[in-house]
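Source file: coords14.cif; contents: mmCIF, C-alpha atoms.
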```cif
data_work
loop_
_atom_site.label_atom_id
_atom_site.label_comp_id
_atom_site.auth_asym_id
_atom_site.auth_seq_id
_atom_site.Cartn_x
_atom_site.Cartn_y
_atom_site.Cartn_z
CA MET A 1 3.54 12.15 9.59
CA ARG A 2 6.79 11.32 11.40
CA LYS A 3 10.01 10.87 9.48
CA THR A 4 11.01 7.45 8.21
CA GLN A 5 12.14 4.98 10.87
CA GLY A 6 12.52 1.29 10.15
CA TRP A 7 14.49 -1.49 8.54
CA VAL A 8 14.53 -3.67 5.44
CA LYS A 9 15.89 -7.22 5.12
CA ARG A 10 16.38 -9.09 1.85
CA ALA A 11 15.54 -12.80 1.60
CA ALA A 12 18.07 -15.41 0.52
CA GLY A 13 18.53 -15.89 -3.23
CA GLU A 14 18.58 -13.66 -6.31
CA THR A 15 14.82 -13.05 -6.44
CA GLU A 16 13.97 -9.64 -4.99
CA ARG A 17 12.02 -10.57 -1.86
CA PHE A 18 12.26 -8.45 1.25
CA GLU A 19 10.77 -7.90 4.68
CA ALA A 20 10.31 -4.37 6.02
CA CYS A 21 9.07 -2.55 9.11
CA PHE A 22 8.35 1.19 9.27
CA SER A 23 7.00 3.86 11.56
CA GLY A 24 5.63 7.06 10.06
CA LEU A 25 6.44 7.78 6.43
CA ALA A 26 7.98 4.86 4.56
CA TYR A 27 8.16 5.92 0.91
CA ALA A 28 7.65 9.15 -1.02
CA PRO A 29 5.41 9.00 -4.14
CA HIS A 30 7.07 6.90 -6.83
CA ARG A 31 6.39 4.46 -9.68
CA HIS A 32 7.70 0.91 -10.08
CA ASP A 33 8.19 -0.73 -13.45
CA THR A 34 7.29 -4.07 -11.87
CA TYR A 35 4.36 -5.58 -10.04
CA THR A 36 4.70 -5.55 -6.26
CA LEU A 37 3.01 -8.37 -4.34
CA ALA A 38 3.07 -7.74 -0.58
CA LEU A 39 1.61 -9.47 2.45
CA THR A 40 0.95 -7.20 5.44
CA THR A 41 2.13 -8.90 8.63
CA ALA A 42 1.62 -6.25 11.35
CA GLY A 43 0.02 -2.86 11.87
CA VAL A 44 -1.79 -0.88 9.16
CA GLN A 45 -0.03 -0.42 5.82
CA SER A 46 -1.46 2.71 4.16
CA PHE A 47 -0.75 4.18 0.74
CA HIS A 48 -2.23 6.55 -1.82
CA TYR A 49 -3.09 4.64 -5.00
CA ARG A 50 -5.25 5.52 -8.01
CA GLY A 51 -6.60 8.65 -6.31
CA GLN A 52 -7.53 7.13 -2.93
CA LEU A 53 -5.90 6.34 0.41
CA ARG A 54 -5.84 2.54 0.77
CA HIS A 55 -5.27 0.46 3.90
CA SER A 56 -4.00 -3.10 4.28
CA LEU A 57 -4.36 -5.04 7.54
CA PRO A 58 -2.41 -8.12 8.66
CA GLY A 59 -3.20 -11.09 6.42
CA GLU A 60 -4.29 -8.90 3.49
CA VAL A 61 -2.41 -8.67 0.19
CA VAL A 62 -1.27 -5.54 -1.63
CA ILE A 63 -0.89 -5.77 -5.43
CA LEU A 64 0.58 -2.72 -7.14
CA HIS A 65 0.50 -2.45 -10.93
CA PRO A 66 3.56 -1.29 -12.92
CA ASP A 67 3.81 2.47 -13.48
CA GLU A 68 1.09 3.38 -10.94
CA LEU A 69 2.02 6.25 -8.63
CA HIS A 70 1.91 5.34 -4.93
CA ASP A 71 3.56 6.07 -1.59
CA GLY A 72 3.73 4.22 1.74
CA GLN A 73 3.15 5.05 5.39
CA ALA A 74 1.97 3.72 8.74
CA GLY A 75 -1.81 4.04 9.04
CA THR A 76 -1.63 4.48 12.82
CA GLU A 77 0.91 5.60 15.41
CA SER A 78 2.14 2.00 15.59
CA PRO A 79 4.65 0.53 13.12
CA PHE A 80 3.55 -1.63 10.20
CA ALA A 81 5.41 -4.57 8.69
CA TYR A 82 5.13 -6.53 5.47
CA ARG A 83 6.87 -9.01 3.21
CA ALA A 84 7.04 -8.36 -0.52
CA ILE A 85 8.28 -9.65 -3.86
CA THR A 86 8.74 -7.73 -7.10
CA ILE A 87 7.39 -9.49 -10.19
CA ASN A 88 8.67 -8.48 -13.60
CA PRO A 89 5.87 -7.89 -16.18
CA VAL A 90 8.02 -9.97 -18.54
CA GLU A 91 7.22 -13.03 -16.41
CA VAL A 92 3.51 -12.20 -16.46
CA GLN A 93 3.54 -11.74 -20.25
CA GLN A 94 5.17 -15.14 -20.66
CA VAL A 95 1.91 -16.47 -19.22
CA LEU A 96 -0.53 -14.07 -20.91
CA GLN A 97 1.16 -14.11 -24.36
CA GLY A 98 0.07 -10.66 -25.49
CA ALA A 99 -2.96 -9.86 -23.31
CA SER A 100 -3.20 -6.49 -21.61
CA LEU A 101 -1.37 -6.44 -18.29
CA PRO A 102 -4.09 -7.05 -15.67
CA PHE A 103 -4.43 -4.84 -12.63
CA LEU A 104 -6.34 -4.82 -9.36
CA PRO A 105 -7.88 -1.30 -9.09
CA SER A 106 -8.25 -1.37 -5.30
CA GLY A 107 -4.64 -2.44 -4.74
CA VAL A 108 -5.69 -4.52 -1.69
CA THR A 109 -7.38 -7.91 -1.53
CA LYS A 110 -8.43 -10.60 0.97
CA ASP A 111 -8.98 -13.16 -1.81
CA PRO A 112 -7.87 -16.54 -0.37
CA LEU A 113 -6.04 -17.52 -3.58
CA PHE A 114 -3.97 -14.34 -3.62
CA VAL A 115 -3.25 -14.82 0.09
CA ARG A 116 -2.12 -18.39 -0.58
CA ILE A 117 0.12 -17.36 -3.49
CA ALA A 118 1.67 -14.49 -1.51
CA GLY A 119 2.18 -16.77 1.48
CA ALA A 120 3.95 -19.39 -0.64
CA LEU A 121 6.22 -16.82 -2.28
CA LEU A 122 7.06 -15.05 0.98
CA ALA A 123 6.95 -17.70 3.71
CA GLU A 124 10.57 -18.87 3.83
CA PHE A 125 13.14 -16.09 3.72
CA ASP A 126 16.09 -18.22 4.85
CA ARG A 127 16.20 -20.21 1.59
CA PRO A 128 16.09 -19.17 -2.07
CA LEU A 129 13.02 -20.04 -4.08
CA GLU A 130 13.60 -22.98 -6.39
CA THR A 131 13.28 -22.05 -10.08
CA LEU A 132 10.37 -24.37 -10.84
CA GLU A 133 8.65 -23.41 -7.58
CA GLN A 134 8.87 -19.72 -8.42
CA GLN A 135 7.74 -20.21 -12.03
CA GLU A 136 4.65 -22.14 -10.97
CA LEU A 137 3.72 -19.50 -8.37
CA ILE A 138 4.19 -16.65 -10.88
CA TYR A 139 1.98 -18.59 -13.31
CA SER A 140 -0.69 -18.87 -10.61
CA PHE A 141 -0.35 -15.17 -9.80
CA ALA A 142 -0.74 -14.13 -13.45
CA CYS A 143 -3.75 -16.38 -14.01
CA CYS A 144 -5.45 -15.31 -10.78
CA LEU A 145 -4.86 -11.64 -11.54
CA ALA A 146 -6.22 -12.01 -15.08
CA GLN A 147 -9.33 -13.83 -13.84
CA ASN A 148 -10.07 -11.16 -11.23
CA THR A 149 -9.68 -8.01 -13.32
CA SER A 150 -11.86 -6.34 -15.92
CA ASN A 151 -9.31 -6.34 -18.74
CA SER A 152 -8.42 -10.03 -18.38
CA SER A 153 -9.61 -11.14 -21.82
CA ARG A 154 -8.61 -8.08 -23.85
CA HIS A 155 -5.60 -8.66 -26.07
CA THR A 156 -3.52 -5.77 -27.28
CA THR A 157 -2.69 -5.15 -30.92
CA ALA A 158 1.00 -5.27 -29.98
CA ASN A 159 3.29 -7.77 -31.67
CA TYR A 160 4.24 -9.96 -28.73
CA HIS A 161 6.93 -11.96 -30.55
CA ALA A 162 8.60 -8.82 -31.94
CA MET A 163 8.69 -7.28 -28.47
CA CYS A 164 10.19 -10.48 -27.09
CA ARG A 165 13.06 -10.06 -29.58
CA VAL A 166 13.50 -6.43 -28.52
CA ARG A 167 13.52 -7.29 -24.82
CA GLU A 168 15.96 -10.17 -25.30
CA TYR A 169 18.29 -7.88 -27.25
CA ILE A 170 18.29 -5.34 -24.40
CA ASP A 171 18.90 -8.09 -21.84
CA ASP A 172 21.80 -9.48 -23.89
CA ILE A 173 23.46 -6.06 -24.22
CA ILE A 174 23.19 -5.45 -20.49
CA ALA A 175 24.54 -8.93 -19.72
CA ILE A 176 27.55 -8.34 -21.97
CA ASP A 177 28.42 -4.97 -20.46
CA SER A 178 26.42 -3.87 -17.43
CA CYS A 179 27.97 -0.39 -17.50
CA MET A 180 26.32 0.17 -20.89
CA PRO A 181 28.95 2.46 -22.52
CA ALA A 182 27.18 2.16 -25.87
CA GLU A 183 23.72 3.71 -26.03
CA ILE A 184 20.82 1.55 -27.14
CA THR A 185 18.74 3.47 -29.68
CA LEU A 186 15.16 3.14 -30.86
CA ASP A 187 16.51 2.80 -34.40
CA GLU A 188 18.31 -0.41 -33.37
CA LEU A 189 15.19 -1.73 -31.68
CA ALA A 190 13.06 -0.87 -34.72
CA LEU A 191 15.36 -2.95 -36.94
CA ILE A 192 14.97 -5.90 -34.59
CA ALA A 193 11.19 -5.50 -34.40
CA GLN A 194 10.96 -4.73 -38.13
CA TYR A 195 8.61 -1.80 -37.76
CA SER A 196 8.70 1.88 -36.76
CA LYS A 197 10.55 3.00 -33.65
CA TRP A 198 7.45 4.80 -32.33
CA GLN A 199 5.45 1.60 -32.65
CA VAL A 200 8.19 -0.19 -30.71
CA THR A 201 7.75 2.26 -27.82
CA ARG A 202 3.97 1.87 -27.89
CA ASP A 203 3.98 -1.93 -28.08
CA PHE A 204 6.70 -2.39 -25.49
CA ARG A 205 4.80 -0.25 -23.01
CA ALA A 206 1.50 -2.03 -23.77
CA LEU A 207 3.00 -5.45 -23.04
CA TYR A 208 5.52 -4.71 -20.28
CA GLY A 209 4.10 -1.62 -18.58
CA THR A 210 7.12 0.55 -19.32
CA THR A 211 9.17 2.00 -22.17
CA PRO A 212 12.40 0.45 -23.50
CA TYR A 213 14.43 3.26 -21.90
CA ARG A 214 12.84 2.82 -18.49
CA TYR A 215 13.30 -0.95 -18.81
CA VAL A 216 17.05 -0.35 -19.20
CA ILE A 217 17.07 2.01 -16.20
CA LEU A 218 15.18 -0.56 -14.11
CA LYS A 219 17.77 -3.22 -14.93
CA ARG A 220 20.52 -0.86 -13.76
CA LEU A 221 18.61 0.03 -10.58
CA GLN A 222 18.07 -3.62 -9.69
CA LYS A 223 21.83 -4.14 -9.82
CA ALA A 224 22.36 -0.93 -7.84
CA LYS A 225 20.05 -2.14 -5.07
CA ALA A 226 22.00 -5.37 -4.70
CA LEU A 227 25.35 -3.55 -4.57
CA ILE A 228 24.06 -1.04 -2.01
CA GLU A 229 22.85 -3.90 0.17
CA ARG A 230 26.36 -5.38 0.00
CA GLY A 231 27.74 -2.13 1.42
CA LEU A 232 29.55 -0.74 -1.63
CA PRO A 233 30.19 3.04 -1.70
CA LEU A 234 27.49 4.90 -3.64
CA VAL A 235 30.02 6.44 -6.05
CA GLN A 236 31.19 2.96 -6.98
CA VAL A 237 27.61 1.72 -7.27
CA ALA A 238 26.74 4.52 -9.69
CA TYR A 239 29.73 3.79 -11.91
CA SER A 240 29.23 0.01 -11.82
CA CYS A 241 25.59 0.32 -12.89
CA GLY A 242 26.04 2.69 -15.82
CA PHE A 243 24.93 5.97 -14.22
CA THR A 244 26.93 9.07 -15.09
CA ASP A 245 27.46 10.02 -11.45
CA GLN A 246 26.00 9.63 -7.95
CA SER A 247 23.35 12.32 -8.48
CA HIS A 248 22.15 10.52 -11.62
CA LEU A 249 21.74 7.33 -9.59
CA HIS A 250 20.04 9.28 -6.76
CA ARG A 251 17.43 10.81 -9.07
CA HIS A 252 16.41 7.57 -10.77
CA PHE A 253 16.53 5.53 -7.55
CA LYS A 254 14.13 7.86 -5.74
CA GLN A 255 11.76 8.05 -8.72
CA CYS A 256 11.55 4.26 -8.88
CA PHE A 257 11.68 3.26 -5.20
CA GLY A 258 10.46 6.31 -3.26
CA THR A 259 13.63 6.57 -1.19
CA THR A 260 17.24 7.55 -1.75
CA PRO A 261 20.24 5.22 -2.18
CA LYS A 262 21.68 6.56 1.09
CA MET A 263 18.44 5.85 2.97
CA TRP A 264 18.22 2.38 1.41
CA ALA A 265 21.73 1.63 2.65
CA SER A 266 20.78 2.89 6.13
CA LEU A 267 17.63 0.75 6.26
CA HIS A 268 19.70 -2.38 5.58
CA GLN A 269 22.03 -1.65 8.48
CA HIS A 270 19.25 -2.44 10.97
CA SER A 271 17.79 -5.88 11.53
CA SER A 272 15.02 -5.43 14.06
CA GLY A 273 12.76 -2.90 15.72
CA CYS A 274 11.02 0.14 14.22
#
```
structure tokens encoding of this file:
Amino acid sequence: MRKTQGWVKRAAGETERFEACFSGLAYAPHRHDTYTLALTTAGVQSFHYRGQLRHSLPGEVVILHPDELHDGQAGTESPFAYRAITINPVEVQQVLQGASLPFLPSGVTKDPLFVRIAGALLAEFDRPLETLEQQELIYSFACCLAQNTSNSSRHTTANYHAMCRVREYIDDIIAIDSCMPAEITLDELALIAQYSKWQVTRDFRALYGTTPYRYVILKRLQKAKALIERGLPLVQVAYSCGFTDQSHLHRHFKQCFGTTPKMWASLHQHSSGC
């Protein structure tokens, strides 16, 4: 497999939507803490997922579940291109209200409803999605995913409302001070949830597909991505996002996105051609 060659462009607005084109290897094995909904637009998008090599052709939709290991590469000698949006499991749980997070085992679908939803979310990159527009499409995505997966009706034993309080507390702390000088502890979260700290970890993961610690890291990485795309030096990005140093940022970035901060910056310097 040839080395990574390509580009990535972010859509207008705060929602993480992007268009990408790659030849050869695109991403090393990694795990997201979000859903990824992608529409293949050219070439063959190939990736290892749940023990098999999957392929997505133009017009097909890729749906990756949180915390599932996967990579990304061109399935032929020609480049492949796609548009994608990351969807926070928090938004899906606001629809499901405590049900197990649904997943599509194959990772690829031609289902017309998924194609329509992906098309609506990814069609116009020159304007931000309106809030109500995005909320309705995420609602449709969550419902469609639940209806088309085997665990759609199974509710967890997790306390959804307690975990909402925990998540909101984390979000508030990060909003107050994004550099996070004060460590958030499981003991704090247990007091908010009003049960054991180990149960907090279990329930949070059951509902949101990740642990409280990784949720905090993801929030920092999302900010780091935006700053990198704006061209800020990586040392400054690391400090601004609460990482101890550039190597700390590098390690977490690659684990979550399958590429390095330096490569991500390079990919955003190009606007066309693979």
Can you tell me, as a list in words, what residues are no more than 8 Å from stretch 205-214 of chain A when counting all atoms listed in the file, ignoring any on the same chain fewer than 4 positions away?
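So, after excluding close chain neighbours, the residues are Asp33, Thr34, Pro66, Asp67, Pro89, Val90, Gln93, Gly98, Ala99, Ser100, Leu101, Thr156, Ala158, Tyr160, Arg167, Thr201 and Leu218 of chain A.
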Applying 9 Å and all atoms listed in the file, which residues near stretch 49-65 of chain A remain after dropping the ones on its own chain fewer than 5 positions away? List them as an NGL selection string.
:A and (32-44 or 70-71 or 75 or 80-82 or 84 or 101-111 or 114-115 or 118 or 209)
Between atom CA of A:Leu25 and atom CA of A:Gln73, what is the spacing in Å?
4.4 Å
Around the point (5.5, -18.1, -7.4) in the file's coordinates, collect all residues with an atom within 12 Å, using only C-alpha atoms, and return them as a PyMOL selection string.
chain A and resi 15+17+37+85-88+91-92+114-123+128-144
Starting from the displayed file, determine the output of the PyMOL selection byres ((chain A and resi 240) around 12) and express the residue list as a ChimeraX atom specification.
/A:174,177-181,220-228,232-239,241-246,249
Written as a list in words, which residues does the PyMOL selection byres ((chain A and resi 30) around 7) give for the file shown?
Ala28, Pro29, Arg31, His32, Leu69, His70, Asp71, Gln255, Cys256, Phe257 and Gly258 of chain A
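When atom CA of A:His161 is paired with atom CA of A:Lys197, their separation reads 15.7 Å.
Here the question is which of A:Phe18, A:Ser23, A:Arg83, A:Leu267 gets nearest to A:Gly231 using all atoms listed in the file, and that residue is A:Leu267.
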For A:Leu189, the nearest of the candidates A:Lys254, A:Gln45, A:Tyr215, A:Tyr169, counting only C-alpha atoms:
A:Tyr169
Edge lengths and centre in Å to one decimal, as lines of an AutoDock Vina configuration file, of the axis-aligned box that encloses all listed atoms of stretch 48-66 of chain A with 4 Å added on every side?
```
center_x = -2.0
center_y = -1.2
center_z = -2.1
size_x = 19.1
size_y = 27.7
size_z = 29.6
```
Specify as a short mmCIF file (atom, residue, chain, number, x, y, z; two decimals) with C-alpha atoms, keeping the file's coordinate frame each residue included when the PyMOL selection byres ((chain A and resi 11) around 8) is applied to this file.
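Printed below is part-v1.cif as written:
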```cif
data_model
loop_
_atom_site.label_atom_id
_atom_site.label_comp_id
_atom_site.auth_asym_id
_atom_site.auth_seq_id
_atom_site.Cartn_x
_atom_site.Cartn_y
_atom_site.Cartn_z
CA LYS A 9 15.89 -7.22 5.12
CA ARG A 10 16.38 -9.09 1.85
CA ALA A 12 18.07 -15.41 0.52
CA GLY A 13 18.53 -15.89 -3.23
CA GLU A 16 13.97 -9.64 -4.99
CA ARG A 17 12.02 -10.57 -1.86
CA PHE A 18 12.26 -8.45 1.25
CA GLU A 19 10.77 -7.90 4.68
CA PHE A 125 13.14 -16.09 3.72
CA ASP A 126 16.09 -18.22 4.85
CA ARG A 127 16.20 -20.21 1.59
CA PRO A 128 16.09 -19.17 -2.07
#
```
What lies within 12 Å of A:Asp187 using all atoms listed in the file, ignoring chain neighbours under 6 positions off, as a ChimeraX atom specification?
/A:166,193-201,212
Between A:Leu96, A:Ala20, A:Ile173, A:Met163, which has the minimum distance to A:Arg202 (counting all atoms listed in the file)?
A:Met163
How many Å lie between atom CA of A:Phe253 and atom CA of A:Trp7, rounded to one decimal?
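Atom CA of A:Trp7 lies at a distance of 17.7 Å from atom CA of A:Phe253.
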All heavy atoms of stretch 56-68 of chain A from block above, as a PDB file, in the first residue's frame:
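Now in out00.pdb:
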```pdb
ATOM      1  N   SER A  56     -16.671   0.171   0.228  1.00  0.00           N
ATOM      2  CA  SER A  56     -17.795   1.062  -0.047  1.00  0.00           C
ATOM      3  C   SER A  56     -17.585   1.727  -1.396  1.00  0.00           C
ATOM      4  O   SER A  56     -16.538   2.334  -1.650  1.00  0.00           O
ATOM      5  CB  SER A  56     -17.924   2.124   1.048  1.00  0.00           C
ATOM      6  OG  SER A  56     -18.949   3.045   0.736  1.00  0.00           O
ATOM      7  N   LEU A  57     -18.598   1.614  -2.261  1.00  0.00           N
ATOM      8  CA  LEU A  57     -18.553   2.189  -3.605  1.00  0.00           C
ATOM      9  C   LEU A  57     -19.308   3.514  -3.629  1.00  0.00           C
ATOM     10  O   LEU A  57     -20.071   3.823  -2.708  1.00  0.00           O
ATOM     11  CB  LEU A  57     -19.164   1.207  -4.602  1.00  0.00           C
ATOM     12  CG  LEU A  57     -18.526  -0.184  -4.662  1.00  0.00           C
ATOM     13  CD1 LEU A  57     -19.273  -1.062  -5.656  1.00  0.00           C
ATOM     14  CD2 LEU A  57     -17.047  -0.097  -5.002  1.00  0.00           C
ATOM     15  N   PRO A  58     -19.124   4.318  -4.673  1.00  0.00           N
ATOM     16  CA  PRO A  58     -19.833   5.600  -4.752  1.00  0.00           C
ATOM     17  C   PRO A  58     -21.343   5.434  -4.585  1.00  0.00           C
ATOM     18  O   PRO A  58     -21.950   4.542  -5.173  1.00  0.00           O
ATOM     19  CB  PRO A  58     -19.481   6.098  -6.163  1.00  0.00           C
ATOM     20  CG  PRO A  58     -18.128   5.512  -6.421  1.00  0.00           C
ATOM     21  CD  PRO A  58     -18.164   4.148  -5.790  1.00  0.00           C
ATOM     22  N   GLY A  59     -21.915   6.285  -3.736  1.00  0.00           N
ATOM     23  CA  GLY A  59     -23.350   6.221  -3.446  1.00  0.00           C
ATOM     24  C   GLY A  59     -23.690   5.365  -2.240  1.00  0.00           C
ATOM     25  O   GLY A  59     -24.828   5.380  -1.774  1.00  0.00           O
ATOM     26  N   GLU A  60     -22.721   4.605  -1.725  1.00  0.00           N
ATOM     27  CA  GLU A  60     -22.950   3.784  -0.540  1.00  0.00           C
ATOM     28  C   GLU A  60     -22.535   4.554   0.715  1.00  0.00           C
ATOM     29  O   GLU A  60     -21.742   5.491   0.669  1.00  0.00           O
ATOM     30  CB  GLU A  60     -22.191   2.468  -0.634  1.00  0.00           C
ATOM     31  CG  GLU A  60     -22.672   1.600  -1.787  1.00  0.00           C
ATOM     32  CD  GLU A  60     -21.938   0.280  -1.895  1.00  0.00           C
ATOM     33  OE1 GLU A  60     -20.863   0.123  -1.282  1.00  0.00           O
ATOM     34  OE2 GLU A  60     -22.437  -0.606  -2.623  1.00  0.00           O
ATOM     35  N   VAL A  61     -23.098   4.128   1.850  1.00  0.00           N
ATOM     36  CA  VAL A  61     -22.898   4.826   3.117  1.00  0.00           C
ATOM     37  C   VAL A  61     -22.096   3.956   4.077  1.00  0.00           C
ATOM     38  O   VAL A  61     -22.376   2.763   4.231  1.00  0.00           O
ATOM     39  CB  VAL A  61     -24.262   5.203   3.748  1.00  0.00           C
ATOM     40  CG1 VAL A  61     -24.086   5.742   5.150  1.00  0.00           C
ATOM     41  CG2 VAL A  61     -24.983   6.225   2.868  1.00  0.00           C
ATOM     42  N   VAL A  62     -21.128   4.563   4.718  1.00  0.00           N
ATOM     43  CA  VAL A  62     -20.336   3.904   5.760  1.00  0.00           C
ATOM     44  C   VAL A  62     -20.819   4.418   7.112  1.00  0.00           C
ATOM     45  O   VAL A  62     -20.950   5.635   7.311  1.00  0.00           O
ATOM     46  CB  VAL A  62     -18.834   4.202   5.590  1.00  0.00           C
ATOM     47  CG1 VAL A  62     -18.035   3.642   6.769  1.00  0.00           C
ATOM     48  CG2 VAL A  62     -18.325   3.628   4.275  1.00  0.00           C
ATOM     49  N   ILE A  63     -21.103   3.500   8.046  1.00  0.00           N
ATOM     50  CA  ILE A  63     -21.517   3.870   9.402  1.00  0.00           C
ATOM     51  C   ILE A  63     -20.615   3.126  10.382  1.00  0.00           C
ATOM     52  O   ILE A  63     -20.694   1.902  10.509  1.00  0.00           O
ATOM     53  CB  ILE A  63     -22.995   3.527   9.670  1.00  0.00           C
ATOM     54  CG1 ILE A  63     -23.901   4.253   8.667  1.00  0.00           C
ATOM     55  CG2 ILE A  63     -23.378   3.900  11.101  1.00  0.00           C
ATOM     56  CD1 ILE A  63     -25.368   3.864   8.775  1.00  0.00           C
ATOM     57  N   LEU A  64     -19.750   3.859  11.067  1.00  0.00           N
ATOM     58  CA  LEU A  64     -18.825   3.279  12.017  1.00  0.00           C
ATOM     59  C   LEU A  64     -19.299   3.547  13.436  1.00  0.00           C
ATOM     60  O   LEU A  64     -19.630   4.688  13.786  1.00  0.00           O
ATOM     61  CB  LEU A  64     -17.417   3.859  11.819  1.00  0.00           C
ATOM     62  CG  LEU A  64     -16.825   3.700  10.412  1.00  0.00           C
ATOM     63  CD1 LEU A  64     -15.457   4.365  10.349  1.00  0.00           C
ATOM     64  CD2 LEU A  64     -16.735   2.229  10.026  1.00  0.00           C
ATOM     65  N   HIS A  65     -19.333   2.494  14.249  1.00  0.00           N
ATOM     66  CA  HIS A  65     -19.810   2.585  15.626  1.00  0.00           C
ATOM     67  C   HIS A  65     -18.698   3.117  16.536  1.00  0.00           C
ATOM     68  O   HIS A  65     -17.516   2.862  16.284  1.00  0.00           O
ATOM     69  CB  HIS A  65     -20.257   1.195  16.085  1.00  0.00           C
ATOM     70  CG  HIS A  65     -20.961   1.182  17.402  1.00  0.00           C
ATOM     71  ND1 HIS A  65     -20.288   1.074  18.595  1.00  0.00           N
ATOM     72  CD2 HIS A  65     -22.273   1.257  17.713  1.00  0.00           C
ATOM     73  CE1 HIS A  65     -21.164   1.072  19.590  1.00  0.00           C
ATOM     74  NE2 HIS A  65     -22.369   1.185  19.084  1.00  0.00           N
ATOM     75  N   PRO A  66     -19.042   3.846  17.594  1.00  0.00           N
ATOM     76  CA  PRO A  66     -18.016   4.294  18.543  1.00  0.00           C
ATOM     77  C   PRO A  66     -17.193   3.128  19.090  1.00  0.00           C
ATOM     78  O   PRO A  66     -17.721   2.054  19.360  1.00  0.00           O
ATOM     79  CB  PRO A  66     -18.837   4.950  19.660  1.00  0.00           C
ATOM     80  CG  PRO A  66     -20.115   5.360  19.009  1.00  0.00           C
ATOM     81  CD  PRO A  66     -20.384   4.320  17.969  1.00  0.00           C
ATOM     82  N   ASP A  67     -15.907   3.366  19.249  1.00  0.00           N
ATOM     83  CA  ASP A  67     -14.967   2.449  19.887  1.00  0.00           C
ATOM     84  C   ASP A  67     -14.724   1.167  19.097  1.00  0.00           C
ATOM     85  O   ASP A  67     -14.249   0.186  19.641  1.00  0.00           O
ATOM     86  CB  ASP A  67     -15.426   2.098  21.310  1.00  0.00           C
ATOM     87  CG  ASP A  67     -14.268   1.627  22.184  1.00  0.00           C
ATOM     88  OD1 ASP A  67     -13.141   2.110  21.991  1.00  0.00           O
ATOM     89  OD2 ASP A  67     -14.487   0.757  23.054  1.00  0.00           O
ATOM     90  N   GLU A  68     -15.031   1.157  17.806  1.00  0.00           N
ATOM     91  CA  GLU A  68     -14.725   0.005  16.955  1.00  0.00           C
ATOM     92  C   GLU A  68     -13.446   0.288  16.168  1.00  0.00           C
ATOM     93  O   GLU A  68     -13.334   1.289  15.470  1.00  0.00           O
ATOM     94  CB  GLU A  68     -15.870  -0.280  15.981  1.00  0.00           C
ATOM     95  CG  GLU A  68     -17.087  -0.924  16.618  1.00  0.00           C
ATOM     96  CD  GLU A  68     -16.866  -2.387  16.995  1.00  0.00           C
ATOM     97  OE1 GLU A  68     -15.874  -2.984  16.513  1.00  0.00           O
ATOM     98  OE2 GLU A  68     -17.675  -2.921  17.768  1.00  0.00           O
TER      99      GLU A  68
END
```
